[in-house]
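Q: Just passing along the structure, written as structure tokens.
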Amino acid sequence: MESAEAIAYSSTANLGPGFDILAIAHNAFHDRITASISDTNIEGGIRLHGMAEPLDPLRNTAGLAAYRLLKEMDIRDSIDLHIMKGVPAGYGLGSSGASAAASVAAIDRLFNLGLSPEKKVEFSMAGEVASSGTPHADNVAASIYGGFVVVESISPIKVRRIRISEEFSFITIIPDFRIHDKTRIARRLVPQAVSIQKYVENARYIAELTSGLITGDRELVRSGMNDAIVEEARKPLFPFYDAVKRIMIRNNAAGACLSGAGPSIMGVVDRDTNVRGIRKEAAEYLKSIGIESNIVISNLAGGTSSD
Ligand code: HSE
């Protein structure tokens, strides 16, 4: 095979209390990457084309993930990666994770490697270092497995995709509010130690949220989609977050949280939610403080698919 293509979807990590553990893949956006064997010998083995930012493979999540894969699998061919970015970068929508996942899936297909999903997560997670400085598996796990995922372990990689109620879909408020190097900065704000009270509070949120998503119990989602630790520490970066969340809850979203490391805010919605109200009020509020926004409705997405 001369070339292979893969698609990976956007994702929302953390879902409130599940920092680095919980995520969903949504069909709001996707990246598409084509991998082909180069006819010339490329120094370092990888060349990036298309919407790659940055172009240096070792500083790009798709490039770095590909580099780790080629090295570990002892592949000596040079590779061209053509990147079509659909997931906007810097908005907490798993953009870097989707690029890394699509890159790994395309190369897996190109060389017929038959990599397990765990192995794909491992290589893709290595790519995340290029954007956030530390490897975290939640976004790439969602993009690779699809659906709602729980990262059970990162060494070794263990991920579980869990079926959730079909009652739920998602609304994502994407404020035009960019912070340079945002994920790196947001990860530095995460406290290194927490009190037992906060630990108990968050453990309760995770239990409520996961059981609510699985059973379709919106009250459990409502009380569980909160976070006393990481969102709390990051909130000063996103001064509009509390007000937008209040708008979503007032319009009867089942729950709302910061999407990954922000600034986007993701709401879980069902037939009882006033989605139009959220659209209107959230956009108007953000505009009133000088921030344009894009609002997207989505459903759960599948995992990486390749041709
Ligand atoms: N779990 C990661 C974080 C997701 O919150 O830093 C980043 O998109």
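Chain lettering (A, B, ...) mirrors the order of the structure tokens, residue numbering begins at 1 for each chain separately, and ligand numbering begins at 1 in order of display.
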Dump as JSON lines the rows for residues of region 102-130 of chain A within 12 Å of region 155-172 of chain A: closest atom pair and distance in Å with one decimal, only C-alpha atoms counted, ordered by chain and rising residue number.
A:
{"residue": "A:Ser116", "atom": "CA", "partner": "A:Ile157", "partner_atom": "CA", "distance": 10.7}
{"residue": "A:Pro117", "atom": "CA", "partner": "A:Val159", "partner_atom": "CA", "distance": 8.7}
{"residue": "A:Glu118", "atom": "CA", "partner": "A:Ile157", "partner_atom": "CA", "distance": 5.7}
{"residue": "A:Lys119", "atom": "CA", "partner": "A:Ile157", "partner_atom": "CA", "distance": 7.6}
{"residue": "A:Lys120", "atom": "CA", "partner": "A:Ile157", "partner_atom": "CA", "distance": 9.7}
{"residue": "A:Val121", "atom": "CA", "partner": "A:Ile157", "partner_atom": "CA", "distance": 7.3}
{"residue": "A:Glu122", "atom": "CA", "partner": "A:Ile157", "partner_atom": "CA", "distance": 6.6}
{"residue": "A:Phe123", "atom": "CA", "partner": "A:Ile157", "partner_atom": "CA", "distance": 10.4}
{"residue": "A:Ser124", "atom": "CA", "partner": "A:Ile157", "partner_atom": "CA", "distance": 11.4}
{"residue": "A:Met125", "atom": "CA", "partner": "A:Ile157", "partner_atom": "CA", "distance": 9.9}
{"residue": "A:Ala126", "atom": "CA", "partner": "A:Ile157", "partner_atom": "CA", "distance": 12.0}
Q: Write the residues of the preceding selection, restricted to N, CA and C atoms, as a PDB file, in the first residue's frame.
A:
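Saved to result.pdb:
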ATOM      1  N   SER A 116      -2.765  -2.817  18.418  1.00  0.00           N
ATOM      2  CA  SER A 116      -3.930  -2.873  19.318  1.00  0.00           C
ATOM      3  C   SER A 116      -4.337  -1.437  19.648  1.00  0.00           C
ATOM      4  N   PRO A 117      -5.593  -1.222  20.068  1.00  0.00           N
ATOM      5  CA  PRO A 117      -5.987   0.139  20.474  1.00  0.00           C
ATOM      6  C   PRO A 117      -5.110   0.676  21.609  1.00  0.00           C
ATOM      7  N   GLU A 118      -4.689  -0.206  22.508  1.00  0.00           N
ATOM      8  CA  GLU A 118      -3.838   0.256  23.624  1.00  0.00           C
ATOM      9  C   GLU A 118      -2.514   0.806  23.087  1.00  0.00           C
ATOM     10  N   LYS A 119      -1.957   0.082  22.120  1.00  0.00           N
ATOM     11  CA  LYS A 119      -0.672   0.504  21.536  1.00  0.00           C
ATOM     12  C   LYS A 119      -0.854   1.835  20.795  1.00  0.00           C
ATOM     13  N   LYS A 120      -2.001   1.977  20.120  1.00  0.00           N
ATOM     14  CA  LYS A 120      -2.261   3.251  19.429  1.00  0.00           C
ATOM     15  C   LYS A 120      -2.340   4.393  20.446  1.00  0.00           C
ATOM     16  N   VAL A 121      -2.986   4.117  21.575  1.00  0.00           N
ATOM     17  CA  VAL A 121      -3.068   5.158  22.620  1.00  0.00           C
ATOM     18  C   VAL A 121      -1.663   5.500  23.109  1.00  0.00           C
ATOM     19  N   GLU A 122      -0.850   4.478  23.298  1.00  0.00           N
ATOM     20  CA  GLU A 122       0.510   4.713  23.813  1.00  0.00           C
ATOM     21  C   GLU A 122       1.299   5.638  22.875  1.00  0.00           C
ATOM     22  N   PHE A 123       1.281   5.354  21.583  1.00  0.00           N
ATOM     23  CA  PHE A 123       2.029   6.194  20.637  1.00  0.00           C
ATOM     24  C   PHE A 123       1.405   7.585  20.547  1.00  0.00           C
ATOM     25  N   SER A 124       0.083   7.638  20.503  1.00  0.00           N
ATOM     26  CA  SER A 124      -0.589   8.938  20.364  1.00  0.00           C
ATOM     27  C   SER A 124      -0.335   9.799  21.597  1.00  0.00           C
ATOM     28  N   MET A 125      -0.351   9.162  22.752  1.00  0.00           N
ATOM     29  CA  MET A 125      -0.127   9.888  23.997  1.00  0.00           C
ATOM     30  C   MET A 125       1.267  10.521  24.003  1.00  0.00           C
ATOM     31  N   ALA A 126       2.226   9.811  23.428  1.00  0.00           N
ATOM     32  CA  ALA A 126       3.580  10.375  23.345  1.00  0.00           C
ATOM     33  C   ALA A 126       3.545  11.655  22.515  1.00  0.00           C
TER      34      ALA A 126
END
Q: Could you list, as a list in words, all the residues within 7 Å of ligand 1, counting only C-alpha atoms and all ligand atoms?
A: Ala13, Asn14, Phe19, Asp20, Gly92, Leu93, Gly94, His136, Asp138, Asn139, Thr183, Ala186, Arg187, Gly260 and Ala261 of chain A
Q: To one decimal place in Å, what is the distance between CA of Arg59 (chain A) and CA of Ser95 (chain A)?
A: 14.6 Å
Q: I'd like to know which of A:Ile173, A:Glu208, A:Ile179, A:Ser305 is closest to Lys245 (chain A), using only C-alpha atoms.
A: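 Using only C-alpha atoms, Lys245 (chain A) sits closest to A:Ile173.
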Q: Among region 28-277 of chain A, which ones does DSSP place in alpha helix (DSSP H), written as a ChimeraX atom specification?
A: /A:61-72,95-110,117-132,138-145,182-188,196-215,218-224,230-234,241-250,275-277
Q: Using DSSP on the backbone, list every residue of region 119-177 of chain A that comes out as strand (DSSP E or B), and give them as a PyMOL selection string.
A: chain A and resi 146+148-154+157-162+169-175
Q: From the list A:Asp80, A:Glu219, A:Glu201, A:Asp31, which residue is nearest Ala101 (chain A) when using only C-alpha atoms?
A: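 Closest to Ala101 (chain A), using only C-alpha atoms: A:Asp31.
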Q: With only C-alpha atoms as the counted atoms, please give the residues lying no more than 10 Å from Ile278 (chain A), apart from itself and same-chain residues fewer than 3 positions off, as a ChimeraX atom specification.
A: /A:171,173,244-253,267,273-275,281-284,295
Q: Name the residues in contact with Asp227 (chain A) at a cut-off of 7 Å, using only C-alpha atoms, excluding same-chain residues fewer than 3 positions from it; report them as a list in words.
A: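 My reading of the contact set: Gly16, Pro17, Asn202, Val230, Glu231 and Glu232 of chain A.
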Q: Tell me which protein, DNA and RNA residues are within 10 Å of Asp108 (chain A), counting only C-alpha atoms, leaving out same-chain ones fewer than 2 positions away, and put them as an MDAnalysis selection string.
A: chainID A and resid 4:6 35 66 69:70 102:106 110:116 120 306
Q: Save out the residues we just selected, N, CA, C and O atoms, as a CSV table (one decimal), in the first residue's frame.
A:
chain,number,residue,atom,x,y,z
A,4,ALA,N,-2.3,5.7,3.1
A,4,ALA,CA,-3.5,5.3,3.9
A,4,ALA,C,-3.9,6.5,4.6
A,4,ALA,O,-3.1,7.4,5.0
A,5,GLU,N,-5.3,6.6,4.8
A,5,GLU,CA,-5.9,7.8,5.4
A,5,GLU,C,-6.6,7.4,6.7
A,5,GLU,O,-7.1,6.3,6.7
A,6,ALA,N,-6.6,8.3,7.6
A,6,ALA,CA,-7.4,8.0,8.9
A,6,ALA,C,-8.1,9.3,9.3
A,6,ALA,O,-7.5,10.4,9.1
A,35,ALA,N,-1.1,9.2,5.3
A,35,ALA,CA,0.3,8.8,5.4
A,35,ALA,C,0.7,8.1,4.2
A,35,ALA,O,0.0,7.2,3.7
A,66,ALA,N,4.0,9.9,15.3
A,66,ALA,CA,4.5,9.1,14.2
A,66,ALA,C,6.0,8.7,14.4
A,66,ALA,O,6.4,7.6,14.2
A,69,LEU,N,6.2,5.9,16.9
A,69,LEU,CA,5.7,4.7,16.3
A,69,LEU,C,6.8,4.1,15.4
A,69,LEU,O,7.2,2.9,15.5
A,70,LEU,N,7.4,4.9,14.5
A,70,LEU,CA,8.3,4.4,13.5
A,70,LEU,C,9.6,3.8,14.3
A,70,LEU,O,10.1,2.8,13.9
A,102,ALA,N,-5.0,10.3,14.6
A,102,ALA,CA,-5.2,10.0,13.1
A,102,ALA,C,-3.8,9.6,12.5
A,102,ALA,O,-3.8,8.8,11.6
A,103,SER,N,-2.8,10.3,13.0
A,103,SER,CA,-1.5,10.0,12.5
A,103,SER,C,-1.1,8.5,12.7
A,103,SER,O,-0.7,7.8,11.8
A,104,VAL,N,-1.3,8.1,14.0
A,104,VAL,CA,-1.0,6.7,14.3
A,104,VAL,C,-1.9,5.7,13.6
A,104,VAL,O,-1.4,4.7,13.0
A,105,ALA,N,-3.1,6.0,13.5
A,105,ALA,CA,-4.1,5.1,12.8
A,105,ALA,C,-3.7,5.0,11.3
A,105,ALA,O,-3.8,3.9,10.7
A,106,ALA,N,-3.3,6.1,10.7
A,106,ALA,CA,-3.0,6.1,9.2
A,106,ALA,C,-1.7,5.3,9.0
A,106,ALA,O,-1.6,4.5,8.1
A,110,LEU,N,-1.1,2.0,6.9
A,110,LEU,CA,-0.1,2.0,5.8
A,110,LEU,C,0.8,0.8,5.8
A,110,LEU,O,1.0,0.2,4.7
A,111,PHE,N,1.2,0.4,7.0
A,111,PHE,CA,2.2,-0.7,7.1
A,111,PHE,C,1.5,-2.0,7.5
A,111,PHE,O,2.2,-3.0,7.9
A,112,ASN,N,0.2,-2.0,7.6
A,112,ASN,CA,-0.6,-3.1,8.0
A,112,ASN,C,0.0,-3.7,9.4
A,112,ASN,O,0.2,-4.9,9.5
A,113,LEU,N,0.1,-2.8,10.3
A,113,LEU,CA,0.8,-3.3,11.6
A,113,LEU,C,-0.2,-4.0,12.5
A,113,LEU,O,0.3,-4.8,13.4
A,114,GLY,N,-1.5,-3.8,12.4
A,114,GLY,CA,-2.4,-4.4,13.3
A,114,GLY,C,-2.2,-4.0,14.7
A,114,GLY,O,-2.4,-4.8,15.6
A,115,LEU,N,-1.9,-2.7,15.0
A,115,LEU,CA,-1.6,-2.3,16.3
A,115,LEU,C,-2.9,-2.4,17.2
A,115,LEU,O,-4.0,-2.1,16.7
A,116,SER,N,-2.8,-2.8,18.4
A,116,SER,CA,-3.9,-2.9,19.3
A,116,SER,C,-4.3,-1.4,19.6
A,116,SER,O,-3.5,-0.5,19.6
A,120,LYS,N,-2.0,2.0,20.1
A,120,LYS,CA,-2.3,3.3,19.4
A,120,LYS,C,-2.3,4.4,20.4
A,120,LYS,O,-1.9,5.5,20.2
A,306,SER,N,-9.9,4.1,9.3
A,306,SER,CA,-8.9,4.3,8.3
A,306,SER,C,-9.2,3.6,7.0
A,306,SER,O,-9.9,2.5,7.1
